[in-house]
$ cat model_19.txt   # compact mmCIF, C-alpha atoms
# COMPACT_ATOMS: atom_id res chain seq x y z
CA MET A 1 86.38 76.06 91.35
CA LEU A 2 84.29 75.30 94.44
CA THR A 3 80.66 76.41 94.42
CA LEU A 4 77.75 76.27 96.81
CA ASP A 5 75.01 73.76 95.99
CA SER A 6 71.80 75.81 96.13
CA ASN A 7 69.82 72.75 97.23
CA ASN A 8 71.71 71.89 100.39
CA GLY A 9 74.18 74.74 100.93
CA LYS A 10 77.15 72.40 100.73
CA ILE A 11 80.32 73.19 98.84
CA LYS A 12 80.84 71.08 95.76
CA LYS A 13 83.75 70.80 93.34
CA LYS A 14 83.30 72.17 89.83
CA THR A 15 86.75 72.83 88.38
CA SER A 16 89.17 70.78 86.37
CA ASP A 17 92.20 69.29 88.07
CA ARG A 18 94.38 71.72 86.12
CA GLU A 19 92.46 74.78 87.39
CA SER A 20 92.53 73.47 90.94
CA GLY A 21 96.27 72.93 90.59
CA ILE A 22 96.82 76.53 89.49
CA VAL A 23 94.88 77.86 92.47
CA GLN A 24 96.72 75.47 94.78
CA GLU A 25 99.96 77.14 93.64
CA LEU A 26 98.60 80.36 95.14
CA PHE A 27 97.79 78.70 98.46
CA ASP A 28 101.21 76.99 98.52
CA ARG A 29 102.85 80.36 97.85
CA TYR A 30 100.99 81.79 100.85
CA ASP A 31 102.29 79.04 103.07
CA LYS A 32 105.78 80.23 102.11
CA ILE A 33 104.87 83.91 102.56
CA LEU A 34 103.49 83.36 106.05
CA SER A 35 106.42 81.11 106.94
CA GLY A 36 108.87 83.80 105.84
CA GLN A 37 110.26 81.60 103.05
CA ILE A 38 109.18 83.53 99.96
CA ASP A 39 112.22 84.69 98.00
CA GLU A 40 110.87 85.42 94.52
CA ILE A 41 107.92 87.48 93.35
CA PRO A 42 106.25 86.34 90.09
CA HIS A 43 107.15 88.56 87.14
CA LEU A 44 104.10 90.62 86.18
CA GLY A 45 105.12 92.33 82.96
CA ASP A 46 107.70 94.88 81.88
CA ASP A 47 105.61 98.03 82.24
CA HIS A 48 106.75 100.39 84.98
CA HIS A 49 103.54 101.94 86.27
CA LYS A 50 103.40 105.42 87.76
CA ILE A 51 99.71 106.01 88.42
CA TYR A 52 97.60 103.45 90.31
CA ALA A 53 93.86 103.54 91.06
CA VAL A 54 92.36 101.38 93.83
CA THR A 55 88.93 100.45 92.50
CA ASN A 56 85.94 98.12 92.75
CA PHE A 57 82.21 98.63 92.21
CA ARG A 58 81.28 97.64 95.76
CA GLY A 59 81.64 99.32 99.14
CA GLY A 60 82.47 97.73 102.49
CA ILE A 61 85.35 95.60 101.22
CA GLY A 62 88.20 97.29 103.11
CA LYS A 63 89.26 99.43 100.12
CA THR A 64 90.22 102.52 102.10
CA THR A 65 92.11 100.52 104.75
CA ILE A 66 94.05 98.90 101.91
CA SER A 67 94.65 102.26 100.19
CA PHE A 68 95.94 103.79 103.42
CA ASN A 69 98.31 100.90 104.15
CA LEU A 70 99.54 100.78 100.54
CA ALA A 71 100.10 104.54 100.78
CA TYR A 72 102.40 104.02 103.75
CA ALA A 73 104.30 101.24 101.94
CA MET A 74 104.71 103.48 98.87
CA ALA A 75 105.87 106.38 101.04
CA LYS A 76 108.68 104.23 102.41
CA LYS A 77 110.11 103.81 98.91
CA TYR A 78 108.91 106.69 96.72
CA MET A 79 107.96 110.33 96.84
CA THR A 80 104.27 109.73 96.17
CA LEU A 81 101.19 111.81 95.40
CA PHE A 82 97.92 110.53 96.90
CA LEU A 83 94.43 111.52 95.70
CA ASP A 84 90.95 110.90 97.07
CA VAL A 85 88.16 110.97 94.48
CA CYS A 86 85.63 109.24 96.74
CA PRO A 87 82.96 111.60 98.15
CA GLN A 88 82.95 109.68 101.45
CA GLN A 89 86.50 111.03 102.05
CA ASN A 90 87.68 108.20 104.31
CA PHE A 91 91.12 108.18 102.68
CA SER A 92 91.31 111.94 103.27
CA SER A 93 90.47 111.54 106.95
CA LEU A 94 93.26 108.99 107.44
CA LEU A 95 95.95 110.96 105.63
CA LEU A 96 94.87 114.26 107.19
CA ASN A 97 94.56 112.42 110.55
CA GLU A 98 91.43 114.38 111.43
CA SER A 99 87.69 113.88 111.26
CA ASP A 100 86.80 117.56 110.70
CA ILE A 101 85.75 118.61 107.20
CA TYR A 102 88.73 119.97 105.30
CA GLN A 103 88.13 123.60 104.31
CA GLY A 104 90.87 124.13 101.71
CA ARG A 105 91.04 123.36 98.00
CA THR A 106 90.11 119.82 97.05
CA ILE A 107 90.28 117.65 93.96
CA TYR A 108 86.66 118.64 93.27
CA ASP A 109 87.65 122.33 93.10
CA ALA A 110 90.55 121.56 90.76
CA MET A 111 88.40 119.51 88.38
CA MET A 112 85.57 122.05 88.33
CA GLU A 113 88.05 124.84 87.56
CA LEU A 114 89.29 122.91 84.53
CA MET A 115 85.79 121.96 83.42
CA MET A 116 83.98 125.25 84.01
CA GLY A 117 86.77 127.81 83.61
CA ALA A 118 88.44 130.47 85.74
CA ALA A 119 85.10 131.88 86.96
CA TRP A 120 84.74 128.74 89.09
CA ALA A 121 88.12 129.18 90.81
CA THR A 122 87.95 129.35 94.61
CA ASN A 123 90.61 129.55 97.32
CA ASP A 124 93.11 130.14 94.53
CA ASP A 125 95.86 131.22 96.94
CA GLN A 126 95.79 127.87 98.78
CA PRO A 127 97.94 124.91 97.71
CA LEU A 128 96.13 121.96 96.20
CA ALA A 129 98.58 119.27 97.33
CA LEU A 130 99.38 119.06 101.04
CA ARG A 131 102.51 117.53 102.54
CA VAL A 132 101.40 114.30 104.23
CA GLN A 133 104.13 114.46 106.90
CA ASP A 134 102.71 117.79 108.12
CA ARG A 135 99.35 116.12 108.78
CA ASN A 136 100.08 112.52 109.80
CA GLU A 137 103.25 111.98 111.83
CA GLU A 138 103.17 108.22 111.15
CA PHE A 139 104.52 109.00 107.66
CA ARG A 140 107.57 110.93 108.89
CA ASP A 141 109.86 107.90 108.56
CA GLY A 142 109.27 107.74 104.80
CA LYS A 143 109.88 109.87 101.72
CA THR A 144 108.24 113.28 101.37
CA CYS A 145 104.74 112.68 100.03
CA TYR A 146 101.79 114.86 99.08
CA PHE A 147 98.04 114.48 99.18
CA ILE A 148 95.08 116.08 97.38
CA PRO A 149 91.97 115.83 99.62
CA GLY A 150 88.55 114.73 98.47
CA SER A 151 85.23 116.46 98.96
CA SER A 152 81.63 115.49 99.70
CA ARG A 153 80.71 117.63 96.68
CA LEU A 154 82.06 114.79 94.52
CA PHE A 155 78.57 113.31 94.99
CA LEU A 156 77.39 116.10 92.66
CA PHE A 157 80.22 115.75 90.18
CA PRO A 158 78.90 112.93 87.92
CA SER A 159 75.84 114.89 86.76
CA GLN A 160 77.95 118.00 86.14
CA PHE A 161 80.63 116.02 84.32
CA TYR A 162 78.35 114.02 82.02
CA SER A 163 76.24 117.07 81.20
CA ARG A 164 79.41 118.77 80.01
CA LEU A 165 80.55 115.67 78.11
CA ASN A 166 77.26 115.39 76.24
CA GLU A 167 77.31 119.12 75.53
CA TYR A 168 80.72 118.74 73.86
CA LEU A 169 79.59 115.58 72.06
CA GLY A 170 76.79 117.63 70.46
CA MET A 171 79.22 120.06 68.81
CA THR A 172 78.93 120.14 65.00
CA SER A 173 82.63 119.87 64.24
CA ALA A 174 83.78 116.24 64.61
CA SER A 175 87.41 117.15 65.24
CA GLY A 176 86.42 119.87 67.67
CA LYS A 177 84.08 117.72 69.72
CA ASN A 178 86.55 114.84 69.91
CA GLU A 179 89.26 117.14 71.23
CA ALA A 180 86.85 118.72 73.73
CA VAL A 181 85.78 115.31 75.01
CA LYS A 182 89.45 114.29 75.33
CA VAL A 183 90.23 117.40 77.39
CA LEU A 184 87.45 116.50 79.82
CA LEU A 185 88.39 112.82 80.11
CA ASP A 186 92.03 113.77 80.62
CA MET A 187 91.44 116.49 83.19
CA LEU A 188 92.34 114.41 86.26
CA LYS A 189 95.49 113.27 84.46
CA THR A 190 96.24 116.91 83.64
CA ILE A 191 95.96 117.83 87.33
CA ILE A 192 98.13 114.86 88.33
CA THR A 193 100.83 115.72 85.77
CA LYS A 194 101.02 119.31 86.99
CA GLN A 195 101.07 118.35 90.67
CA MET A 196 103.72 115.65 90.13
CA ALA A 197 105.95 118.26 88.48
CA GLU A 198 105.39 120.76 91.32
CA THR A 199 105.90 118.26 94.13
CA LYS A 200 108.61 116.21 92.35
CA THR A 201 106.73 113.00 93.19
CA GLU A 202 107.46 109.70 91.42
CA LYS A 203 104.27 107.67 91.89
CA VAL A 204 100.54 108.31 92.32
CA LEU A 205 97.90 106.36 94.27
CA ILE A 206 94.20 107.22 93.80
CA ASP A 207 91.43 106.01 96.10
CA THR A 208 88.15 105.83 94.18
CA SER A 209 84.47 105.46 95.00
CA PRO A 210 82.48 102.23 94.47
CA PHE A 211 80.57 103.94 91.64
CA PHE A 212 82.07 104.22 88.17
CA ALA A 213 80.53 107.59 87.30
CA GLY A 214 82.49 110.82 87.64
CA GLY A 215 85.68 110.67 89.68
CA THR A 216 86.21 106.92 89.26
CA HIS A 217 85.79 107.23 85.47
CA LEU A 218 88.47 109.95 85.41
CA ALA A 219 90.73 107.90 87.70
CA TRP A 220 90.58 105.02 85.20
CA ALA A 221 91.36 107.45 82.38
CA ALA A 222 94.40 108.72 84.30
CA ALA A 223 95.71 105.42 85.68
CA ASP A 224 98.37 103.13 84.25
CA ALA A 225 97.24 100.25 86.47
CA LEU A 226 94.30 99.17 88.63
CA ILE A 227 94.40 97.58 92.08
CA ILE A 228 91.14 95.71 92.73
CA PRO A 229 90.19 94.70 96.28
CA VAL A 230 87.63 91.87 96.37
CA ARG A 231 85.96 90.68 99.55
CA VAL A 232 85.31 86.94 99.85
CA ASP A 233 81.54 87.24 99.39
CA GLU A 234 78.98 86.87 96.61
CA GLN A 235 78.44 90.57 95.83
CA SER A 236 82.17 91.26 95.60
CA ILE A 237 82.73 88.37 93.19
CA TYR A 238 79.97 89.77 90.99
CA SER A 239 81.52 93.25 91.24
CA LEU A 240 84.90 91.88 90.18
CA GLU A 241 83.33 90.49 87.02
CA LEU A 242 81.61 93.82 86.31
CA THR A 243 84.89 95.69 86.83
CA LEU A 244 86.90 93.46 84.47
CA GLU A 245 84.06 93.46 81.94
CA MET A 246 83.96 97.27 81.98
CA LEU A 247 87.69 97.34 81.28
CA GLN A 248 87.63 94.74 78.51
CA LYS A 249 84.41 95.12 76.52
CA GLU A 250 84.47 97.64 73.69
CA ASP A 251 80.83 98.63 74.24
CA SER A 252 81.28 99.51 77.93
CA ASP A 253 80.80 103.14 79.00
CA PHE A 254 84.51 103.49 79.73
CA ASN A 255 85.65 102.26 76.31
CA VAL A 256 82.91 104.04 74.33
CA TRP A 257 83.91 107.42 75.79
CA ARG A 258 87.61 106.57 75.42
CA ARG A 259 87.15 105.90 71.70
CA ARG A 260 85.07 109.05 71.23
CA ALA A 261 87.99 111.03 72.62
CA GLY A 262 90.55 109.17 70.53
CA ILE A 263 92.39 107.98 73.67
CA GLU A 264 94.32 104.79 73.00
CA GLN A 265 95.66 104.09 76.47
CA LYS A 266 93.67 102.20 79.07
CA PRO A 267 94.87 100.81 82.41
CA THR A 268 95.83 97.20 83.00
CA VAL A 269 95.08 95.20 86.16
CA GLN A 270 98.16 94.88 88.34
CA ALA A 271 96.64 93.29 91.46
CA VAL A 272 93.51 91.58 92.76
CA LEU A 273 93.57 91.75 96.55
CA MET A 274 91.23 89.22 98.14
CA THR A 275 90.15 90.69 101.50
CA HIS A 276 88.57 89.25 104.66
CA CYS A 277 90.05 85.82 103.96
CA GLY A 278 89.59 83.34 106.81
CA TRP A 279 92.37 81.06 107.98
CA ASN A 280 91.86 77.61 109.47
CA ARG A 281 92.82 77.79 113.14
CA GLN A 282 93.42 74.03 113.26
CA ALA A 283 95.78 74.00 110.24
CA ASP A 284 98.47 76.67 110.22
CA HIS A 285 98.57 78.84 107.05
CA GLN A 286 95.60 77.02 105.50
CA ILE A 287 92.72 79.03 104.03
CA ASP A 288 89.22 78.04 105.20
CA ARG A 289 86.74 76.33 102.84
CA ALA A 290 84.41 79.29 102.31
CA SER A 291 87.26 81.69 101.51
CA ARG A 292 88.82 79.15 99.20
CA MET A 293 85.56 78.83 97.29
CA TYR A 294 85.39 82.58 96.60
CA ILE A 295 89.09 82.82 95.76
CA GLU A 296 88.72 80.04 93.19
CA ARG A 297 85.73 81.79 91.65
CA ALA A 298 87.65 85.07 91.49
CA VAL A 299 90.57 83.33 89.77
CA ASP A 300 88.14 81.75 87.27
CA ILE A 301 86.76 85.21 86.43
CA ALA A 302 90.28 86.65 86.11
CA VAL A 303 91.24 83.91 83.64
CA LYS A 304 88.10 84.71 81.62
CA PHE A 305 89.32 88.32 81.30
CA LYS A 306 93.05 87.56 81.30
CA ASP A 307 93.87 90.03 78.52
CA VAL A 308 93.20 93.01 80.84
CA PHE A 309 96.03 91.98 83.19
CA SER A 310 99.58 93.28 82.86
CA SER A 311 100.92 89.73 82.41
CA ASP A 312 99.53 86.55 80.85
CA ALA A 313 99.22 84.75 84.21
CA PRO A 314 96.31 86.29 86.21
CA ILE A 315 96.89 83.93 89.17
CA ASN A 316 100.20 85.70 89.86
CA HIS A 317 98.35 89.00 90.33
CA PHE A 318 96.41 87.69 93.34
CA ALA A 319 97.23 88.51 96.96
CA LEU A 320 95.31 87.22 99.97
CA LEU A 321 94.54 89.51 102.93
CA SER A 322 92.97 88.50 106.23
CA ASP A 323 90.09 90.11 108.02
CA PHE A 324 92.30 92.48 110.01
CA HIS A 325 89.97 92.43 113.06
CA SER A 326 91.15 94.73 115.88
CA SER A 327 94.33 95.72 114.03
CA GLY A 328 92.30 97.00 111.09
CA ARG A 329 89.97 98.88 113.40
CA ILE A 330 92.91 100.48 115.21
CA SER A 331 94.57 101.36 111.91
CA GLY A 332 91.36 102.93 110.56
CA SER A 333 90.41 104.76 113.75
CA ARG A 334 93.85 106.06 114.77
CA ALA A 335 95.31 106.58 111.27
CA ILE A 336 98.22 104.25 112.07
CA PRO A 337 99.54 101.94 109.33
CA ILE A 338 99.28 98.25 110.27
CA ASP A 339 103.01 97.92 109.64
CA LYS A 340 103.58 100.25 112.63
CA LEU A 341 101.28 98.46 115.07
CA VAL A 342 103.08 96.66 117.90
CA GLU A 343 101.85 93.32 119.21
CA GLY A 344 100.46 93.61 122.73
CA ARG A 345 100.06 97.39 122.68
CA GLN A 346 96.69 98.83 123.79
CA HIS A 347 94.82 101.55 121.90
CA LYS A 348 91.74 103.45 123.04
CA ILE A 349 88.98 103.31 120.40
CA ASP A 350 85.53 104.80 121.09
CA GLY A 351 86.11 104.56 124.82
CA ARG A 352 87.24 100.93 124.70
CA SER A 353 90.75 99.46 124.92
CA LEU A 354 91.73 97.30 121.97
CA GLU A 355 94.90 95.23 122.01
CA VAL A 356 97.04 94.48 118.98
CA ASN A 357 97.16 90.68 118.99
CA SER A 358 99.76 88.35 117.48
CA SER A 359 97.85 88.11 114.19
CA VAL A 360 99.27 91.51 113.26
CA ASN A 361 102.53 89.79 112.32
CA ARG A 362 100.68 87.75 109.67
CA TYR A 363 98.90 90.87 108.42
CA LYS A 364 102.24 92.63 107.91
CA LYS A 365 103.54 89.75 105.77
CA GLU A 366 100.34 89.73 103.69
CA LEU A 367 100.50 93.49 103.09
CA LYS A 368 104.18 93.36 102.19
CA TYR A 369 103.51 90.70 99.55
CA ALA A 370 100.57 92.73 98.17
CA PHE A 371 102.83 95.77 97.85
CA ASP A 372 105.60 93.72 96.24
CA ILE A 373 103.34 92.45 93.44
CA ILE A 374 102.01 95.98 92.87
CA ASN A 375 105.45 97.58 92.91
CA GLN A 376 106.94 96.02 89.78

$ encode --input "model_19.txt" --output "C-alpha cells"
Amino acid sequence: MLTLDSNNGKIKKKTSDRESGIVQELFDRYDKILSGQIDEIPHLGDDHHKIYAVTNFRGGIGKTTISFNLAYAMAKKYMTLFLDVCPQQNFSSLLLNESDIYQGRTIYDAMMELMMGAAWATNDDQPLALRVQDRNEEFRDGKTCYFIPGSSRLFLFPSQFYSRLNEYLGMTSASGKNEAVKVLLDMLKTIITKQMAETKTEKVLIDTSPFFAGGTHLAWAAADALIIPVRVDEQSIYSLELTLEMLQKEDSDFNVWRRRAGIEQKPTVQAVLMTHCGWNRQADHQIDRASRMYIERAVDIAVKFKDVFSSDAPINHFALLSDFHSSGRISGSRAIPIDKLVEGRQHKIDGRSLEVNSSVNRYKKELKYAFDIINQ
C-alpha cells in the first residue's frame, strides 16, 4: 500500500508488487465503469441476502446519502422495507421528505413494546410502516416500498437495552436466561419479519448510527449482510478496521452476546464503499494519489479480515464513490436521488441556486456499480 512518511509528509510505497497489482485491478475496473465498458460484475458468493445494514463506526462519511440513493436503486427492482435506527434521523427526513419531527409510531416504539411489554404500547392504532410513495414522490416510478421512521429517543435506547440484557443474564436458570437474551437480541429481526409479511416486501435496508450500542447492535443481529461506507481519511480507515474486527473476533461485544444467546448466524460483508474519492482532473478516470493511498490501506485491512466477507476475494467487494459536491448537497437537501438529477438543472438550496454539473453522470455510474455488487 501507499503510506504517508511522518517525517516529511510524502507518500511512500510499502506494498508488494502482488498487492499493488490486485489494487490496480480495481482502478482498471473503474476505468471501464466510467467509460461505460463494464460488462461483468465479480461473483461475490452464492448467498442471496434479504436484510442489509449500512454501517460504520464513524460519522460524516456520507452514509445517509449512500443509504438514500441505495434505497432508490432497490426500490426500482424490489418491494423494499427501509428502517432508520440512527437517532439523528437523517434517513427518515429524506424518505419522509420533511424536516418536521415525525409524530407517529417509530422503530423505537416498536422495540420498547417488545422489550418492556404491552404497558409501553403507544399510538397502537397507527401503522408502523409507512408507504414511501405517499411521502416522497421521487419514488413513485419504482416498486411499492415501506419505511419505518427513526426517533431521537434512540439516543436513550442503549442504556435501556443493556440494562435489560444484563437483567436477563442474571437469571438463575441457564436455559431461561439464554432464551431471554436471544429474544432481546432478535427483537429487531422479529419486527422486520412481521413487517415484511404485512407489507409483502422482498428486501430490507437499515440505516444505522455510527455507534455500535443499541440500535446498531440489533441491526447487525438482524442483517444478512453489511454495507460499509469508508471515507478516504485516517479516522475512517481506523473505523473500518474496528468494524471488521468487531465482526470477526470472538471476544468482541457483538460475538460475546451472540454466543450467550446461542445465535449462530452473523452477517457477512457484502460491500465496502469508499467515499469522497478524488479524481485526477489531468488524467481522465484516474484516482488521485491521496485517495489511492487510503484505498490501498482499506484493501490491506480487508484482506487481513477476509473471512468476514461473503466471498474469498475482498477486493471485488470494493466500490469507489466520488465526493458528490453540489449533486450530493442537492440530493440531501431536496430528497432527490442522484440518479434523477439532470445535468444543467438549477435547484434552490438555502436561498442559493446550485446547478447540477456534468460530474453527475459519473456519479450515476459509480452508484450503479455499487448497487450491482450489493445486489447479488

$ atom_distance --input "model_19.txt" --atom1 "atom CA of Gln89 of chain A" --atom2 "atom CA of Gly150 of chain A"
5.5 Å

$ closest_residue --input "model_19.txt" --among "A:Leu205, A:Ala261, A:Leu354, A:Ala319" --to "Arg231 of chain A" --atoms "only C-alpha atoms"
A:Ala319

$ residues_around --input "model_19.txt" --residues "His347 of chain A" --least-positions-apart "5" --cutoff "8 Å" --atoms "all atoms listed in the file" --output "CSV table (one decimal) with C-alpha atoms, in the frame of the given file"
chain,number,residue,atom,x,y,z
A,330,ILE,CA,92.9,100.5,115.2
A,353,SER,CA,90.8,99.5,124.9
A,354,LEU,CA,91.7,97.3,122.0
A,355,GLU,CA,94.9,95.2,122.0
A,356,VAL,CA,97.0,94.5,119.0

$ atom_distance --input "model_19.txt" --atom1 "atom CA of Tyr162 of chain A" --atom2 "atom CA of Leu130 of chain A"
28.8 Å

$ residues_around --input "model_19.txt" --residues "Met74 of chain A" --least-positions-apart "5" --cutoff "9 Å" --atoms "only C-alpha atoms" --output "number ranges by chain"
A: 69, 79-80, 142-143, 203, 205, 371, 375

$ closest_residue --input "model_19.txt" --among "A:Gln195, A:Thr201, A:Asn255, A:Thr268" --to "Tyr52 of chain A" --atoms "all atoms listed in the file"
A:Thr268

$ atom_distance --input "model_19.txt" --atom1 "atom CA of Lys63 of chain A" --atom2 "atom CA of Arg135 of chain A"
21.3 Å

$ residues_near_point --input "model_19.txt" --point "(90.3, 93.2, 120.5)" --cutoff "12 Å" --atoms "all atoms listed in the file" --output "VMD selection string"
chain A and resid 324 to 330 343 to 349 352 to 360

$ closest_residue --input "model_19.txt" --among "A:Gly104, A:Pro87, A:Pro42, A:Gly60" --to "Ala271 of chain A" --atoms "all atoms listed in the file"
A:Pro42

$ closest_residue --input "model_19.txt" --among "A:Ile336, A:Val85, A:Ile237, A:Leu165" --to "Lys177 of chain A" --atoms "all atoms listed in the file"
A:Leu165

$ closest_residue --input "model_19.txt" --among "A:Leu96, A:Glu245, A:Gly21, A:Lys76" --to "Lys304 of chain A" --atoms "all atoms listed in the file"
A:Glu245

$ decode --input "model_19.txt" --residues "segment 237-332 of chain A" --atoms "C-alpha atoms" --output "PDB file, in the first residue's frame"
ATOM      1  CA  ILE A 237      -9.656   3.744   7.808  1.00  0.00           C
ATOM      2  CA  TYR A 238      -9.270   3.137  11.541  1.00  0.00           C
ATOM      3  CA  SER A 239     -13.060   2.749  11.872  1.00  0.00           C
ATOM      4  CA  LEU A 240     -13.091   0.180   9.065  1.00  0.00           C
ATOM      5  CA  GLU A 241     -10.579  -1.920  10.974  1.00  0.00           C
ATOM      6  CA  LEU A 242     -12.647  -1.632  14.179  1.00  0.00           C
ATOM      7  CA  THR A 243     -15.795  -2.643  12.299  1.00  0.00           C
ATOM      8  CA  LEU A 244     -14.243  -5.739  10.706  1.00  0.00           C
ATOM      9  CA  GLU A 245     -12.527  -6.650  13.980  1.00  0.00           C
ATOM     10  CA  MET A 246     -15.856  -6.434  15.835  1.00  0.00           C
ATOM     11  CA  LEU A 247     -17.383  -8.794  13.282  1.00  0.00           C
ATOM     12  CA  GLN A 248     -14.521 -11.305  13.290  1.00  0.00           C
ATOM     13  CA  LYS A 249     -13.092 -11.542  16.807  1.00  0.00           C
ATOM     14  CA  GLU A 250     -14.788 -13.989  19.150  1.00  0.00           C
ATOM     15  CA  ASP A 251     -14.213 -11.764  22.197  1.00  0.00           C
ATOM     16  CA  SER A 252     -15.893  -8.681  20.681  1.00  0.00           C
ATOM     17  CA  ASP A 253     -19.099  -7.395  22.305  1.00  0.00           C
ATOM     18  CA  PHE A 254     -21.137  -8.473  19.291  1.00  0.00           C
ATOM     19  CA  ASN A 255     -19.887 -12.063  19.292  1.00  0.00           C
ATOM     20  CA  VAL A 256     -19.896 -12.471  23.089  1.00  0.00           C
ATOM     21  CA  TRP A 257     -23.589 -11.540  23.277  1.00  0.00           C
ATOM     22  CA  ARG A 258     -24.352 -13.628  20.179  1.00  0.00           C
ATOM     23  CA  ARG A 259     -22.837 -16.718  21.811  1.00  0.00           C
ATOM     24  CA  ARG A 260     -24.635 -16.053  25.101  1.00  0.00           C
ATOM     25  CA  ALA A 261     -27.908 -16.130  23.179  1.00  0.00           C
ATOM     26  CA  GLY A 262     -26.956 -19.233  21.218  1.00  0.00           C
ATOM     27  CA  ILE A 263     -27.309 -17.365  17.903  1.00  0.00           C
ATOM     28  CA  GLU A 264     -25.188 -18.964  15.194  1.00  0.00           C
ATOM     29  CA  GLN A 265     -25.818 -16.549  12.350  1.00  0.00           C
ATOM     30  CA  LYS A 266     -23.808 -13.383  11.887  1.00  0.00           C
ATOM     31  CA  PRO A 267     -23.737 -11.048   8.882  1.00  0.00           C
ATOM     32  CA  THR A 268     -21.086 -11.092   6.191  1.00  0.00           C
ATOM     33  CA  VAL A 269     -19.610  -8.025   4.480  1.00  0.00           C
ATOM     34  CA  GLN A 270     -21.075  -7.543   1.021  1.00  0.00           C
ATOM     35  CA  ALA A 271     -19.619  -4.133   0.110  1.00  0.00           C
ATOM     36  CA  VAL A 272     -17.017  -1.580   1.177  1.00  0.00           C
ATOM     37  CA  LEU A 273     -17.936   1.745  -0.412  1.00  0.00           C
ATOM     38  CA  MET A 274     -15.001   4.162  -0.473  1.00  0.00           C
ATOM     39  CA  THR A 275     -16.494   7.682  -0.378  1.00  0.00           C
ATOM     40  CA  HIS A 276     -15.157  11.164  -1.196  1.00  0.00           C
ATOM     41  CA  CYS A 277     -12.628   9.740  -3.644  1.00  0.00           C
ATOM     42  CA  GLY A 278     -10.800  12.386  -5.673  1.00  0.00           C
ATOM     43  CA  TRP A 279     -10.205  12.043  -9.390  1.00  0.00           C
ATOM     44  CA  ASN A 280      -7.233  13.485 -11.251  1.00  0.00           C
ATOM     45  CA  ARG A 281      -8.515  16.279 -13.485  1.00  0.00           C
ATOM     46  CA  GLN A 282      -5.476  15.982 -15.763  1.00  0.00           C
ATOM     47  CA  ALA A 283      -5.884  12.207 -16.307  1.00  0.00           C
ATOM     48  CA  ASP A 284      -9.386  11.017 -17.123  1.00  0.00           C
ATOM     49  CA  HIS A 285     -10.723   8.245 -14.829  1.00  0.00           C
ATOM     50  CA  GLN A 286      -7.548   8.204 -12.719  1.00  0.00           C
ATOM     51  CA  ILE A 287      -7.799   8.322  -8.924  1.00  0.00           C
ATOM     52  CA  ASP A 288      -5.654  10.962  -7.186  1.00  0.00           C
ATOM     53  CA  ARG A 289      -2.618   9.982  -5.067  1.00  0.00           C
ATOM     54  CA  ALA A 290      -4.132  10.709  -1.648  1.00  0.00           C
ATOM     55  CA  SER A 291      -7.318   8.744  -2.381  1.00  0.00           C
ATOM     56  CA  ARG A 292      -5.293   5.887  -3.795  1.00  0.00           C
ATOM     57  CA  MET A 293      -3.243   5.717  -0.601  1.00  0.00           C
ATOM     58  CA  TYR A 294      -6.346   5.316   1.582  1.00  0.00           C
ATOM     59  CA  ILE A 295      -7.978   2.847  -0.807  1.00  0.00           C
ATOM     60  CA  GLU A 296      -4.869   0.656  -0.734  1.00  0.00           C
ATOM     61  CA  ARG A 297      -4.831   0.760   3.063  1.00  0.00           C
ATOM     62  CA  ALA A 298      -8.518  -0.176   3.185  1.00  0.00           C
ATOM     63  CA  VAL A 299      -7.900  -3.120   0.852  1.00  0.00           C
ATOM     64  CA  ASP A 300      -4.982  -4.237   3.047  1.00  0.00           C
ATOM     65  CA  ILE A 301      -7.282  -4.223   6.099  1.00  0.00           C
ATOM     66  CA  ALA A 302      -9.997  -6.101   4.199  1.00  0.00           C
ATOM     67  CA  VAL A 303      -7.517  -8.822   3.221  1.00  0.00           C
ATOM     68  CA  LYS A 304      -6.484  -9.110   6.883  1.00  0.00           C
ATOM     69  CA  PHE A 305     -10.124  -9.842   7.780  1.00  0.00           C
ATOM     70  CA  LYS A 306     -11.056 -11.611   4.540  1.00  0.00           C
ATOM     71  CA  ASP A 307     -13.046 -14.372   6.258  1.00  0.00           C
ATOM     72  CA  VAL A 308     -15.838 -11.908   7.182  1.00  0.00           C
ATOM     73  CA  PHE A 309     -16.602 -11.196   3.507  1.00  0.00           C
ATOM     74  CA  SER A 310     -19.202 -13.107   1.512  1.00  0.00           C
ATOM     75  CA  SER A 311     -16.559 -14.249  -0.994  1.00  0.00           C
ATOM     76  CA  ASP A 312     -12.853 -15.080  -0.747  1.00  0.00           C
ATOM     77  CA  ALA A 313     -11.787 -12.025  -2.793  1.00  0.00           C
ATOM     78  CA  PRO A 314     -12.285  -8.849  -0.678  1.00  0.00           C
ATOM     79  CA  ILE A 315     -11.025  -6.588  -3.495  1.00  0.00           C
ATOM     80  CA  ASN A 316     -14.138  -7.469  -5.515  1.00  0.00           C
ATOM     81  CA  HIS A 317     -16.345  -6.077  -2.737  1.00  0.00           C
ATOM     82  CA  PHE A 318     -14.946  -2.553  -3.149  1.00  0.00           C
ATOM     83  CA  ALA A 319     -16.725   0.282  -4.936  1.00  0.00           C
ATOM     84  CA  LEU A 320     -15.351   3.805  -5.344  1.00  0.00           C
ATOM     85  CA  LEU A 321     -17.606   6.849  -4.941  1.00  0.00           C
ATOM     86  CA  SER A 322     -16.691  10.463  -5.613  1.00  0.00           C
ATOM     87  CA  ASP A 323     -17.227  13.449  -3.400  1.00  0.00           C
ATOM     88  CA  PHE A 324     -20.647  14.248  -4.846  1.00  0.00           C
ATOM     89  CA  HIS A 325     -20.200  18.031  -4.370  1.00  0.00           C
ATOM     90  CA  SER A 326     -23.276  20.045  -5.405  1.00  0.00           C
ATOM     91  CA  SER A 327     -25.152  16.954  -6.604  1.00  0.00           C
ATOM     92  CA  GLY A 328     -24.841  15.351  -3.178  1.00  0.00           C
ATOM     93  CA  ARG A 329     -25.955  18.549  -1.485  1.00  0.00           C
ATOM     94  CA  ILE A 330     -28.978  18.823  -3.779  1.00  0.00           C
ATOM     95  CA  SER A 331     -29.827  15.158  -3.238  1.00  0.00           C
ATOM     96  CA  GLY A 332     -29.569  15.521   0.557  1.00  0.00           C
TER      97      GLY A 332
END
